[in-house]
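Text of data_7.tsv, listed as TSV, C-alpha atoms and all ligand atoms:
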chain	number	residue	atom	x	y	z
Q	204	MET	CA	-18.13	66.81	17.38
Q	205	LYS	CA	-15.70	67.79	14.62
Q	206	THR	CA	-12.58	65.80	13.74
Q	207	MET	CA	-10.21	65.69	10.82
Q	208	GLN	CA	-9.98	62.32	9.10
Q	209	PHE	CA	-8.12	60.38	6.46
Q	210	LYS	CA	-10.30	57.94	4.51
Q	211	ALA	CA	-7.36	56.01	3.03
Q	212	TYR	CA	-3.55	56.12	2.81
Q	213	SER	CA	-2.80	59.43	1.13
Q	214	GLY	CA	-1.15	62.81	1.40
Q	215	ALA	CA	-2.23	65.66	3.66
Q	216	GLY	CA	-4.48	67.08	0.95
Q	217	GLN	CA	-6.92	64.20	1.53
Q	218	LEU	CA	-7.57	65.13	5.17
Q	219	VAL	CA	-11.25	66.08	5.53
Q	220	MET	CA	-13.45	67.43	8.30
Q	221	ALA	CA	-15.93	64.89	9.70
Q	222	GLU	CA	-18.79	65.09	12.17
Q	223	VAL	CA	-18.74	62.12	14.60
Q	224	PRO	CA	-20.46	61.34	17.94
Q	225	THR	CA	-18.75	62.83	20.99
Q	226	PRO	CA	-17.04	59.92	22.82
Q	227	GLN	CA	-18.19	58.82	26.28
Q	228	PRO	CA	-15.49	58.14	28.90
Q	229	GLY	CA	-15.30	54.44	29.81
Q	230	PRO	CA	-13.86	52.93	33.01
Q	231	GLY	CA	-10.58	54.63	33.94
Q	232	GLN	CA	-11.06	57.30	31.26
Q	233	VAL	CA	-11.53	61.06	31.22
Q	234	LEU	CA	-13.44	63.12	28.68
Q	235	ILE	CA	-11.30	66.04	27.53
Q	236	GLU	CA	-12.39	69.07	25.57
Q	237	VAL	CA	-9.33	69.57	23.38
Q	238	ALA	CA	-8.00	73.12	23.17
Q	239	ALA	CA	-4.85	72.34	21.17
Q	240	SER	CA	-2.99	69.49	19.54
Q	241	ALA	CA	0.35	69.27	17.73
Q	242	VAL	CA	1.79	67.75	14.57
Q	243	ASN	CA	4.62	65.20	14.69
Q	244	PRO	CA	6.37	63.41	11.79
Q	245	ILE	CA	4.75	60.11	12.86
Q	246	ASP	CA	1.33	61.56	11.93
Q	247	TRP	CA	2.08	61.94	8.24
Q	248	LYS	CA	4.35	58.86	8.15
Q	249	LEU	CA	1.49	56.66	9.42
Q	250	HIS	CA	-1.12	58.06	7.03
Q	251	SER	CA	1.07	58.14	3.93
Q	252	GLY	CA	1.31	54.34	4.21
Q	253	MET	CA	5.10	54.26	4.63
Q	254	LEU	CA	4.72	52.39	7.96
Q	255	ARG	CA	1.85	50.18	6.86
Q	256	TRP	CA	3.86	46.95	7.34
Q	257	VAL	CA	4.74	47.76	10.95
Q	258	LYS	CA	1.74	49.84	11.98
Q	259	PRO	CA	-1.26	49.55	9.66
Q	260	VAL	CA	-3.92	52.25	9.93
Q	261	ARG	CA	-7.65	51.52	10.25
Q	262	PHE	CA	-9.73	54.01	8.25
Q	263	PRO	CA	-11.39	56.40	8.68
Q	264	SER	CA	-8.52	57.60	10.84
Q	265	THR	CA	-8.12	60.76	12.91
Q	266	PRO	CA	-4.43	61.67	13.22
Q	267	CYS	CA	-2.36	63.23	16.03
Q	268	PHE	CA	-1.22	62.12	19.47
Q	269	ASP	CA	-0.72	65.29	21.52
Q	270	PHE	CA	-3.44	67.17	23.35
Q	271	ALA	CA	-4.01	69.90	25.92
Q	272	GLY	CA	-7.45	70.82	27.16
Q	273	GLU	CA	-9.96	70.72	29.96
Q	274	VAL	CA	-11.45	67.71	31.74
Q	275	LYS	CA	-15.20	67.67	31.16
Q	276	ALA	CA	-16.25	64.35	32.74
Q	277	LEU	CA	-14.83	61.25	34.41
Q	278	GLY	CA	-15.65	57.65	33.51
Q	279	PRO	CA	-16.40	55.05	36.20
Q	280	GLN	CA	-13.44	54.17	38.50
Q	281	THR	CA	-11.39	57.17	37.35
Q	282	SER	CA	-9.47	58.91	40.09
Q	283	GLY	CA	-6.67	61.44	40.52
Q	284	ILE	CA	-8.18	63.98	38.09
Q	285	LYS	CA	-11.07	66.43	38.58
Q	286	PRO	CA	-13.56	67.91	36.09
Q	287	GLY	CA	-12.48	71.43	35.13
Q	288	GLU	CA	-8.77	70.60	35.49
Q	289	ARG	CA	-6.44	71.76	32.71
Q	290	VAL	CA	-4.52	68.72	31.47
Q	291	PHE	CA	-2.13	67.62	28.75
Q	292	GLY	CA	-0.97	64.29	27.41
Q	293	MET	CA	-0.22	61.89	24.60
Q	294	LEU	CA	-2.45	59.16	23.21
Q	295	PRO	CA	-0.88	55.70	22.89
Q	296	MET	CA	0.09	54.19	19.53
Q	297	GLN	CA	-2.98	51.93	19.50
Q	298	ALA	CA	-5.49	54.77	20.07
Q	299	TYR	CA	-4.32	58.02	18.49
Q	300	GLY	CA	-6.66	60.68	17.11
Q	301	SER	CA	-6.31	63.96	19.00
Q	302	ALA	CA	-7.20	66.16	16.01
Q	303	ALA	CA	-10.73	66.25	17.41
Q	304	GLU	CA	-12.85	68.45	19.65
Q	305	TYR	CA	-13.24	65.79	22.39
Q	306	LEU	CA	-11.24	62.78	23.52
Q	307	ALA	CA	-12.05	59.91	25.87
Q	308	VAL	CA	-8.63	58.88	27.11
Q	309	ASN	CA	-7.22	56.61	29.79
Q	310	ALA	CA	-6.19	58.71	32.79
Q	311	ALA	CA	-2.74	57.04	32.71
Q	312	TYR	CA	-1.90	59.18	29.68
Q	313	VAL	CA	-3.02	62.47	31.21
Q	314	ALA	CA	-1.34	64.86	33.67
Q	315	ALA	CA	-2.14	68.25	35.16
Q	316	MET	CA	-0.86	71.07	32.97
Q	317	PRO	CA	1.68	73.47	34.45
Q	318	ASP	CA	-0.27	76.67	35.07
Q	319	ASN	CA	2.35	78.92	33.50
Q	320	LEU	CA	1.84	77.33	30.05
Q	321	SER	CA	-0.85	78.13	27.50
Q	322	PHE	CA	-2.80	75.23	26.02
Q	323	GLN	CA	-0.84	75.63	22.81
Q	324	GLU	CA	2.52	75.51	24.58
Q	325	ALA	CA	1.43	72.47	26.58
Q	326	ALA	CA	0.15	70.67	23.46
Q	327	GLY	CA	3.62	70.73	21.90
Q	328	LEU	CA	5.27	69.00	24.80
Q	329	PRO	CA	3.97	65.42	25.29
Q	330	LEU	CA	5.19	63.33	22.33
Q	331	ALA	CA	8.34	65.28	21.47
Q	332	GLY	CA	9.20	66.06	25.10
Q	333	MET	CA	8.77	62.49	26.34
Q	334	THR	CA	10.81	61.24	23.38
Q	335	ALA	CA	13.65	63.58	24.36
Q	336	LEU	CA	13.38	62.67	28.04
Q	337	GLN	CA	13.25	58.91	27.46
Q	338	ALA	CA	16.15	59.07	24.97
Q	339	LEU	CA	18.41	61.09	27.27
Q	340	ARG	CA	17.50	59.50	30.60
Q	341	ASP	CA	16.56	55.88	29.78
Q	342	GLN	CA	18.70	55.05	26.74
Q	343	GLY	CA	21.46	57.65	27.16
Q	344	ARG	CA	21.60	57.24	30.99
Q	345	LEU	CA	22.46	60.91	31.15
Q	346	VAL	CA	23.81	62.35	34.42
Q	347	ALA	CA	25.24	65.73	35.35
Q	348	ASN	CA	28.44	66.97	33.70
Q	349	ARG	CA	28.30	64.52	30.80
Q	350	ARG	CA	28.89	65.90	27.31
Q	351	VAL	CA	25.85	65.60	25.06
Q	352	LEU	CA	25.51	66.29	21.36
Q	353	VAL	CA	21.96	66.93	20.14
Q	354	VAL	CA	21.70	66.55	16.37
Q	355	GLY	CA	18.69	68.52	15.10
Q	356	ALA	CA	18.65	70.89	18.09
Q	357	SER	CA	16.03	73.24	16.61
Q	358	GLY	CA	13.39	70.58	15.81
Q	359	GLY	CA	10.41	69.37	17.80
Q	360	VAL	CA	12.32	66.70	19.73
Q	361	GLY	CA	15.72	68.42	19.59
Q	362	HIS	CA	14.69	71.75	21.11
Q	363	TYR	CA	13.24	69.95	24.14
Q	364	ALA	CA	16.31	67.67	24.33
Q	365	VAL	CA	18.68	70.65	24.61
Q	366	GLN	CA	16.66	72.08	27.52
Q	367	ILE	CA	16.12	68.76	29.31
Q	368	ALA	CA	19.82	67.87	29.04
Q	369	LYS	CA	20.72	71.28	30.50
Q	370	ALA	CA	18.21	70.77	33.31
Q	371	MET	CA	19.96	67.44	34.04
Q	372	GLY	CA	23.24	69.32	34.39
Q	373	ALA	CA	24.86	68.15	31.16
Q	374	GLN	CA	27.26	70.06	28.89
Q	375	VAL	CA	25.21	70.47	25.72
Q	376	THR	CA	26.26	70.99	22.13
Q	377	GLY	CA	23.51	71.44	19.55
Q	378	ILE	CA	23.74	71.00	15.78
Q	379	CYS	CA	21.45	73.18	13.66
Q	380	SER	CA	21.53	75.42	10.59
Q	381	THR	CA	22.66	79.05	10.52
Q	382	ARG	CA	19.18	80.54	10.96
Q	383	ASN	CA	18.63	78.57	14.18
Q	384	ILE	CA	21.91	79.26	15.97
Q	385	ASP	CA	20.51	82.03	18.18
Q	386	LEU	CA	17.44	79.96	18.97
Q	387	VAL	CA	19.47	76.93	20.08
Q	388	ARG	CA	21.77	79.14	22.15
Q	389	SER	CA	18.72	80.72	23.80
Q	390	LEU	CA	17.57	77.24	24.82
Q	391	GLY	CA	20.75	76.91	26.88
Q	392	ALA	CA	23.17	75.05	24.59
Q	393	ASP	CA	26.79	75.63	25.65
Q	394	GLU	CA	28.06	75.18	22.09
Q	395	VAL	CA	26.27	75.38	18.76
Q	396	ILE	CA	27.53	73.83	15.53
Q	397	ASP	CA	26.24	75.01	12.17
Q	398	TYR	CA	25.79	71.97	9.91
Q	399	THR	CA	25.54	74.12	6.80
Q	400	ARG	CA	29.14	75.25	7.30
Q	401	ASN	CA	30.54	71.76	7.63
Q	402	GLU	CA	31.54	72.52	11.18
Q	403	ALA	CA	29.93	69.25	12.16
Q	404	SER	CA	32.61	66.93	10.81
Q	405	PRO	CA	34.83	65.92	12.38
Q	406	LEU	CA	34.05	67.11	15.91
Q	407	ASP	CA	37.06	67.54	18.20
Q	408	GLU	CA	35.35	66.67	21.39
Q	409	PRO	CA	34.37	63.11	22.38
Q	410	PHE	CA	30.73	63.06	23.48
Q	411	ASP	CA	29.38	60.75	26.17
Q	412	LEU	CA	26.02	60.82	24.45
Q	413	ILE	CA	25.05	61.62	20.88
Q	414	PHE	CA	21.29	62.00	20.51
Q	415	ASP	CA	20.52	61.96	16.81
Q	416	THR	CA	17.04	63.25	15.90
Q	417	VAL	CA	17.89	63.78	12.21
Q	418	MET	CA	19.41	60.39	11.34
Q	419	ASN	CA	20.64	61.34	7.87
Q	420	GLN	CA	24.24	60.18	8.48
Q	421	ALA	CA	25.60	56.67	8.99
Q	422	PHE	CA	26.81	55.72	12.47
Q	423	SER	CA	30.37	55.71	11.06
Q	424	HIS	CA	30.05	59.50	10.67
Q	425	TRP	CA	29.41	59.95	14.41
Q	426	ARG	CA	31.55	57.18	15.85
Q	427	PRO	CA	34.84	59.16	15.90
Q	428	SER	CA	33.07	61.81	18.01
Q	429	LEU	CA	31.76	59.28	20.54
Q	430	ALA	CA	33.67	58.69	23.79
Q	431	GLN	CA	35.13	55.21	24.32
Q	432	ASP	CA	32.17	54.30	26.51
Q	433	GLY	CA	29.75	56.70	24.81
Q	434	VAL	CA	26.17	55.99	23.72
Q	435	TYR	CA	24.60	56.91	20.38
Q	436	VAL	CA	20.80	57.14	20.61
Q	437	SER	CA	18.67	57.06	17.49
Q	438	LEU	CA	14.91	57.34	16.95
Q	439	LEU	CA	14.89	55.21	13.80
Q	440	PRO	CA	15.73	51.48	13.82
Q	441	GLN	CA	17.48	51.29	10.44
Q	442	LEU	CA	18.92	47.87	9.59
Q	443	GLY	CA	22.60	48.94	9.59
Q	444	LEU	CA	22.17	50.62	12.93
Q	445	ILE	CA	20.47	47.57	14.43
Q	446	LEU	CA	23.49	45.52	13.34
Q	447	HIS	CA	25.82	48.02	15.04
Q	448	SER	CA	23.74	47.84	18.21
Q	449	LEU	CA	24.15	44.06	18.25
Q	450	THR	CA	27.82	43.81	17.26
Q	451	LEU	CA	29.42	46.82	19.01
Q	452	PRO	CA	29.30	45.18	22.48
Q	453	LEU	CA	31.51	42.35	21.11
Q	454	TYR	CA	34.54	44.61	20.60
Q	455	SER	CA	33.82	48.03	22.12
Q	456	ARG	CA	32.37	49.80	25.16
Q	457	GLN	CA	30.41	52.13	22.88
Q	458	ARG	CA	26.70	51.46	22.48
Q	459	VAL	CA	23.94	52.14	19.96
Q	460	ARG	CA	20.44	52.34	21.43
Q	461	PHE	CA	16.95	53.21	20.19
Q	462	THR	CA	14.06	55.10	21.73
Q	463	PHE	CA	10.38	54.47	20.98
Q	464	VAL	CA	8.38	56.93	23.00
Q	465	LYS	CA	5.99	55.51	25.59
Q	466	PRO	CA	3.38	57.88	27.02
Q	467	ASN	CA	2.98	57.90	30.79
Q	468	ARG	CA	1.78	60.26	33.48
Q	469	GLU	CA	5.06	60.27	35.44
Q	470	ASP	CA	7.09	61.59	32.52
Q	471	LEU	CA	4.41	64.17	31.70
Q	472	ALA	CA	4.54	65.32	35.32
Q	473	TYR	CA	8.35	65.51	35.19
Q	474	LEU	CA	8.22	67.66	32.05
Q	475	GLY	CA	5.42	69.74	33.55
Q	476	GLY	CA	7.63	70.36	36.59
Q	477	LEU	CA	10.51	71.55	34.41
Q	478	ALA	CA	8.14	73.89	32.57
Q	479	GLN	CA	6.68	75.16	35.84
Q	480	SER	CA	10.16	76.01	37.14
Q	481	GLY	CA	11.05	77.83	33.92
Q	482	GLN	CA	13.60	75.24	32.75
Q	483	LEU	CA	11.57	74.03	29.76
Q	484	ARG	CA	9.60	75.98	27.19
Q	485	THR	CA	7.89	75.19	23.92
Q	486	VAL	CA	9.11	77.08	20.90
Q	487	ILE	CA	6.05	77.47	18.66
Q	488	ASP	CA	6.86	77.53	14.98
Q	489	SER	CA	3.29	78.14	13.85
Q	490	VAL	CA	-0.34	77.61	14.81
Q	491	TYR	CA	-3.04	76.28	12.47
Q	492	PRO	CA	-6.76	76.00	13.17
Q	493	LEU	CA	-8.11	72.43	13.08
Q	494	THR	CA	-9.67	73.03	9.66
Q	495	GLU	CA	-6.19	73.82	8.27
Q	496	LEU	CA	-4.61	70.60	9.47
Q	497	PRO	CA	-3.59	69.72	5.88
Q	498	ALA	CA	-1.44	72.86	5.77
Q	499	ALA	CA	0.07	71.99	9.16
Q	500	PHE	CA	0.97	68.52	7.85
Q	501	LEU	CA	2.53	69.96	4.70
Q	502	GLN	CA	4.66	72.29	6.78
Q	503	GLY	CA	5.72	69.42	9.03
Q	504	GLN	CA	6.75	67.40	6.00
Q	505	THR	CA	9.24	70.07	4.95
Q	506	GLY	CA	11.39	68.97	7.93
Q	507	ARG	CA	12.23	72.61	8.62
Q	508	ALA	CA	10.07	73.36	11.67
Q	509	ARG	CA	11.62	75.43	14.45
Q	510	GLY	CA	10.14	73.86	17.56
Q	511	LYS	CA	6.54	72.73	17.29
Q	512	ILE	CA	3.68	73.07	14.82
Q	513	ILE	CA	0.51	73.51	16.88
Q	514	VAL	CA	-3.12	72.88	16.01
Q	515	ALA	CA	-5.67	75.18	17.66
Q	516	VAL	CA	-8.73	72.98	18.12
Q	517	ASN	CA	-11.10	74.98	20.28
Q	518	ALA	CA	-11.15	78.71	19.62
Q	519	TYR	CA	-12.26	79.50	23.20
Q	520	HIS	CA	-9.17	77.90	24.61
Q	521	HIS	CA	-6.34	79.64	22.88
Q	522	PRO	CA	-5.13	83.13	23.62
Q	523	ALA	CA	-6.19	85.85	21.21
N	601	LIG	N1	11.10	56.72	17.84
N	601	LIG	C1	10.28	57.62	18.40
N	601	LIG	O1	9.63	57.34	19.41
N	601	LIG	C2	10.18	59.00	17.79
N	601	LIG	C3	9.52	60.01	18.50
N	601	LIG	C4	9.49	61.29	17.96
N	601	LIG	C5	10.09	61.55	16.72
N	601	LIG	N2	10.68	60.53	16.05
N	601	LIG	C6	11.35	60.80	14.77
N	601	LIG	O2	12.41	61.71	15.05
N	601	LIG	C7	12.61	62.57	13.94
N	601	LIG	C8	12.62	64.01	14.41
N	601	LIG	O3	11.35	64.37	14.88
N	601	LIG	P1	11.00	65.92	15.15
N	601	LIG	O4	9.61	65.98	15.63
N	601	LIG	O5	12.08	66.54	15.97
N	601	LIG	O6	11.11	66.48	13.66
N	601	LIG	P2	11.03	67.98	13.13
N	601	LIG	O7	10.51	68.89	14.19
N	601	LIG	O8	10.34	67.95	11.83
N	601	LIG	O9	12.57	68.36	12.86
N	601	LIG	C9	12.82	69.47	12.08
N	601	LIG	C10	14.17	70.07	12.46
N	601	LIG	O10	15.24	69.26	11.97
N	601	LIG	C11	16.31	70.14	11.64
N	601	LIG	N3	17.24	69.53	10.70
N	601	LIG	C12	16.97	69.05	9.46
N	601	LIG	N4	18.10	68.56	8.90
N	601	LIG	C13	19.10	68.73	9.82
N	601	LIG	C14	20.50	68.40	9.85
N	601	LIG	N5	21.10	67.81	8.82
N	601	LIG	N6	21.20	68.70	10.96
N	601	LIG	C15	20.61	69.29	12.03
N	601	LIG	N7	19.29	69.64	12.05
N	601	LIG	C16	18.55	69.35	10.97
N	601	LIG	C17	15.58	71.33	11.03
N	601	LIG	O11	16.39	72.48	11.12
N	601	LIG	P3	16.83	73.26	9.77
N	601	LIG	O12	15.56	73.68	9.08
N	601	LIG	O13	17.60	74.40	10.29
N	601	LIG	O14	17.63	72.29	8.98
N	601	LIG	C18	14.33	71.45	11.88
N	601	LIG	O15	14.49	72.39	12.95
N	601	LIG	C19	11.52	62.20	12.93
N	601	LIG	O16	12.06	61.29	11.98
N	601	LIG	C20	10.48	61.50	13.75
N	601	LIG	O17	9.68	60.60	13.00
N	601	LIG	C21	10.73	59.26	16.55
Please re-express this file's structure in structure tokens.
Amino acid sequence: MKTMQFKAYSGAGQLVMAEVPTPQPGPGQVLIEVAASAVNPIDWKLHSGMLRWVKPVRFPSTPCFDFAGEVKALGPQTSGIKPGERVFGMLPMQAYGSAAEYLAVNAAYVAAMPDNLSFQEAAGLPLAGMTALQALRDQGRLVANRRVLVVGASGGVGHYAVQIAKAMGAQVTGICSTRNIDLVRSLGADEVIDYTRNEASPLDEPFDLIFDTVMNQAFSHWRPSLAQDGVYVSLLPQLGLILHSLTLPLYSRQRVRFTFVKPNREDLAYLGGLAQSGQLRTVIDSVYPLTELPAAFLQGQTGRARGKIIVAVNAYHHPA
């Protein structure tokens, strides 16, 4: 089968096509013919070497975590999934590599795809959607009628966060640039703030939850906009922020928390249910064939994606 591989830490230009044996599903695994995958910032961060001290890469390495496709075979002792089923999911940190034609993956990381989504729409959802869900629900403890600020509301994680927070009944404000205002409003945000017009500082309203997916401002920038018992959730454990998370409880009811996405079938099913009921959609920025993965990475690295950058892996499985 075909995969895209890095041979060493490098930039996207060093990604090359490789022919490798099709994997066989082991106990508890399913063999999936991949129709689509997606690009996330972690893919190029891992392979550039910038995370080598926390998460070294073993080469040759096939990048990407997200997948949507069709179940082709079951390994021994695998239940709950049938051959022919359309599924989607996210590979775990220790076994990524979905930029490939086939995957043998533990069934715990796979769920049935909502039938109103295309493979490409479904492939965008797992990593970014579960990150948004776990940040809002588990770290932010979001419940109905709370006020949420989503920083980076037009990005991969942010555009799902706006929709998931709305589905949870929250009052949602999104921060984005001028060109994305209409998009973020169309996702259901009650208020939209344009960061290019300096409308983002200071914010009048105290927020119960600030979910920061951009993380280019110090916590001190957001703190005046956080309610007295509000939670600030970040996706990046910077040193200063870790110190705040440890010291804040000593003198304040505010909290700083971190999310590190953990793939699981229950959260995939929850997101699939939201998609099925029309409460969650994937905004597709662009679609690249597998052979053009380097270009997809380069676009991701600009940090300007609107929604998700999708990789079309199997030509038979994506709409014309
Ligand atoms: N800890 C975890 O488990 C985890 C999981 C997923 C992602 N992450 C991290 O979370 C971050 C976001 O991931 P992502 O997939 O959402 O990235 P992304 O899709 O590349 O985000 C791009 C978006 O960010 C917006 N943006 C850039 N600067 C902004 C600003 N100052 N204010 C508001 N919006 C701004 C861009 O809009 P404009 O072009 O309009 O500026 C664009 O829509 C990355 O650092 C990623 O590594 C961590």
Counting all atoms listed in the file, figure out which residue out of Q:Asp393, Q:Asp318, Q:Asp246, Q:Asp411 gets nearest to ligand LIG 601 (chain N).
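Once distances to ligand LIG 601 (chain N) are computed over all atoms listed in the file, the minimum belongs to Q:Asp246.
For the atom pair formed by CA of Asp407 (chain Q) and CA of Thr381 (chain Q), the distance is 20.0 Å, given to one decimal.
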- Could you check which of Q:Leu439, Q:Met293, Q:Ala508, Q:Val346 is closest to Asn309 (chain Q), using only C-alpha atoms?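 Closest candidate: Q:Met293.
CA of Phe414 (chain Q) lies 27.7 Å from CA of Ser301 (chain Q).
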* Please provide as a ChimeraX atom specification all residues within 12 Å of Val313 (chain Q), with the sequence filter that same-chain residues fewer than 3 positions apart are discarded (counting only C-alpha atoms). => /Q:231-235,268-274,281-285,288-295,306-310,316,325-326,329,466-472,475
Open item on the list: For His362 (chain Q), find every residue with an atom within 7 Å (counting all atoms listed in the file), except residues of its own chain fewer than 5 positions away, and show them as a VMD selection string.
Closed with: chain Q and resid 356 to 357 510
Using 6 Å of padding on each side, determine the axis-aligned box around all atoms of ligand LIG 601 (chain N) present in the file and give its centre and edge lengths in Å to one decimal, as lines of an AutoDock Vina configuration file.
center_x = 15.3
center_y = 65.6
center_z = 14.1
size_x = 23.7
size_y = 29.7
size_z = 22.6
Shell of 7 Å around ligand LIG 601 (chain N) (all atoms listed in the file), written as a ChimeraX atom specification
/Q:243-245,330-331,334,354-361,378-383,398,416-417,419,438-439,462-464,503-504,506-511
* To do: Calculate how many Å separate CA of Leu386 (chain Q) from CA of Pro497 (chain Q), rounding to one decimal.
  =>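 Result for CA of Leu386 (chain Q) versus CA of Pro497 (chain Q): 26.8 Å, one decimal.
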Skip Tyr435 (chain Q) itself and residues of its chain fewer than 6 positions away, then list as a PDB file with C-alpha atoms, in the coordinates of the input all residues within 12 Å of it, counting only C-alpha atoms.
ATOM      1  CA  ALA Q 338      16.150  59.070  24.970  1.00  0.00           C
ATOM      2  CA  LEU Q 339      18.410  61.090  27.270  1.00  0.00           C
ATOM      3  CA  GLN Q 342      18.700  55.050  26.740  1.00  0.00           C
ATOM      4  CA  GLY Q 343      21.460  57.650  27.160  1.00  0.00           C
ATOM      5  CA  ARG Q 344      21.600  57.240  30.990  1.00  0.00           C
ATOM      6  CA  LEU Q 345      22.460  60.910  31.150  1.00  0.00           C
ATOM      7  CA  VAL Q 351      25.850  65.600  25.060  1.00  0.00           C
ATOM      8  CA  LEU Q 352      25.510  66.290  21.360  1.00  0.00           C
ATOM      9  CA  VAL Q 353      21.960  66.930  20.140  1.00  0.00           C
ATOM     10  CA  VAL Q 354      21.700  66.550  16.370  1.00  0.00           C
ATOM     11  CA  PRO Q 409      34.370  63.110  22.380  1.00  0.00           C
ATOM     12  CA  PHE Q 410      30.730  63.060  23.480  1.00  0.00           C
ATOM     13  CA  ASP Q 411      29.380  60.750  26.170  1.00  0.00           C
ATOM     14  CA  LEU Q 412      26.020  60.820  24.450  1.00  0.00           C
ATOM     15  CA  ILE Q 413      25.050  61.620  20.880  1.00  0.00           C
ATOM     16  CA  PHE Q 414      21.290  62.000  20.510  1.00  0.00           C
ATOM     17  CA  ASP Q 415      20.520  61.960  16.810  1.00  0.00           C
ATOM     18  CA  THR Q 416      17.040  63.250  15.900  1.00  0.00           C
ATOM     19  CA  MET Q 418      19.410  60.390  11.340  1.00  0.00           C
ATOM     20  CA  ALA Q 421      25.600  56.670   8.990  1.00  0.00           C
ATOM     21  CA  PHE Q 422      26.810  55.720  12.470  1.00  0.00           C
ATOM     22  CA  SER Q 423      30.370  55.710  11.060  1.00  0.00           C
ATOM     23  CA  HIS Q 424      30.050  59.500  10.670  1.00  0.00           C
ATOM     24  CA  TRP Q 425      29.410  59.950  14.410  1.00  0.00           C
ATOM     25  CA  ARG Q 426      31.550  57.180  15.850  1.00  0.00           C
ATOM     26  CA  PRO Q 427      34.840  59.160  15.900  1.00  0.00           C
ATOM     27  CA  SER Q 428      33.070  61.810  18.010  1.00  0.00           C
ATOM     28  CA  LEU Q 429      31.760  59.280  20.540  1.00  0.00           C
ATOM     29  CA  LEU Q 444      22.170  50.620  12.930  1.00  0.00           C
ATOM     30  CA  ILE Q 445      20.470  47.570  14.430  1.00  0.00           C
ATOM     31  CA  HIS Q 447      25.820  48.020  15.040  1.00  0.00           C
ATOM     32  CA  SER Q 448      23.740  47.840  18.210  1.00  0.00           C
ATOM     33  CA  LEU Q 451      29.420  46.820  19.010  1.00  0.00           C
ATOM     34  CA  ARG Q 456      32.370  49.800  25.160  1.00  0.00           C
ATOM     35  CA  GLN Q 457      30.410  52.130  22.880  1.00  0.00           C
ATOM     36  CA  ARG Q 458      26.700  51.460  22.480  1.00  0.00           C
ATOM     37  CA  VAL Q 459      23.940  52.140  19.960  1.00  0.00           C
ATOM     38  CA  ARG Q 460      20.440  52.340  21.430  1.00  0.00           C
ATOM     39  CA  PHE Q 461      16.950  53.210  20.190  1.00  0.00           C
ATOM     40  CA  THR Q 462      14.060  55.100  21.730  1.00  0.00           C
TER      41      THR Q 462
END
Inset, instruction - Anything within 12 Å of (-3.8, 57.6, 11.8): list those residues as a count of residues only, counting all atoms listed in the file and sticking to the file's coordinates. - result: 44
Of Q:Lys465, Q:Met204, Q:Leu453, Q:Gln323, the one nearest to Asp341 (chain Q) when counting all atoms listed in the file is Q:Lys465
Counting all atoms listed in the file, closest pick from Q:Gly391, Q:Gly287, Q:Pro279, Q:Gly216 relative to Thr376 (chain Q) is Q:Gly391
| task | Counting only C-alpha atoms, figure out which residue out of Q:Val257, Q:Val434, Q:Ile367, Q:Val375 gets nearest to Gly481 (chain Q). | result |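 The shortest atom-to-atom distance to Gly481 (chain Q) comes from Q:Ile367.
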Of Q:Val514, Q:Ala478, Q:Ala314, Q:Leu493, the one nearest to Ala221 (chain Q) when counting all atoms listed in the file is Q:Leu493
Would you fill out region 243-252 of chain Q with N, CA and C atoms and return it as a short mmCIF file (atom, residue, chain, number, x, y, z; two decimals), in the coordinates of the input?
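Ended up saving to result-v7.cif:
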data_model
loop_
_atom_site.label_atom_id
_atom_site.label_comp_id
_atom_site.auth_asym_id
_atom_site.auth_seq_id
_atom_site.Cartn_x
_atom_site.Cartn_y
_atom_site.Cartn_z
N ASN Q 243 3.32 65.88 14.59
CA ASN Q 243 4.62 65.20 14.69
C ASN Q 243 4.86 64.42 13.41
N PRO Q 244 6.12 64.15 13.04
CA PRO Q 244 6.37 63.41 11.79
C PRO Q 244 5.65 62.07 11.72
N ILE Q 245 5.43 61.41 12.87
CA ILE Q 245 4.75 60.11 12.86
C ILE Q 245 3.34 60.24 12.27
N ASP Q 246 2.71 61.40 12.42
CA ASP Q 246 1.33 61.56 11.93
C ASP Q 246 1.27 61.39 10.42
N TRP Q 247 2.15 62.09 9.70
CA TRP Q 247 2.08 61.94 8.24
C TRP Q 247 2.76 60.65 7.78
N LYS Q 248 3.73 60.14 8.54
CA LYS Q 248 4.35 58.86 8.15
C LYS Q 248 3.32 57.73 8.22
N LEU Q 249 2.52 57.71 9.28
CA LEU Q 249 1.49 56.66 9.42
C LEU Q 249 0.49 56.72 8.28
N HIS Q 250 0.00 57.94 7.97
CA HIS Q 250 -1.12 58.06 7.03
C HIS Q 250 -0.70 58.08 5.57
N SER Q 251 0.60 58.24 5.32
CA SER Q 251 1.07 58.14 3.93
C SER Q 251 1.17 56.67 3.52
N GLY Q 252 1.19 55.77 4.50
CA GLY Q 252 1.31 54.34 4.21
C GLY Q 252 2.73 53.83 4.33
#
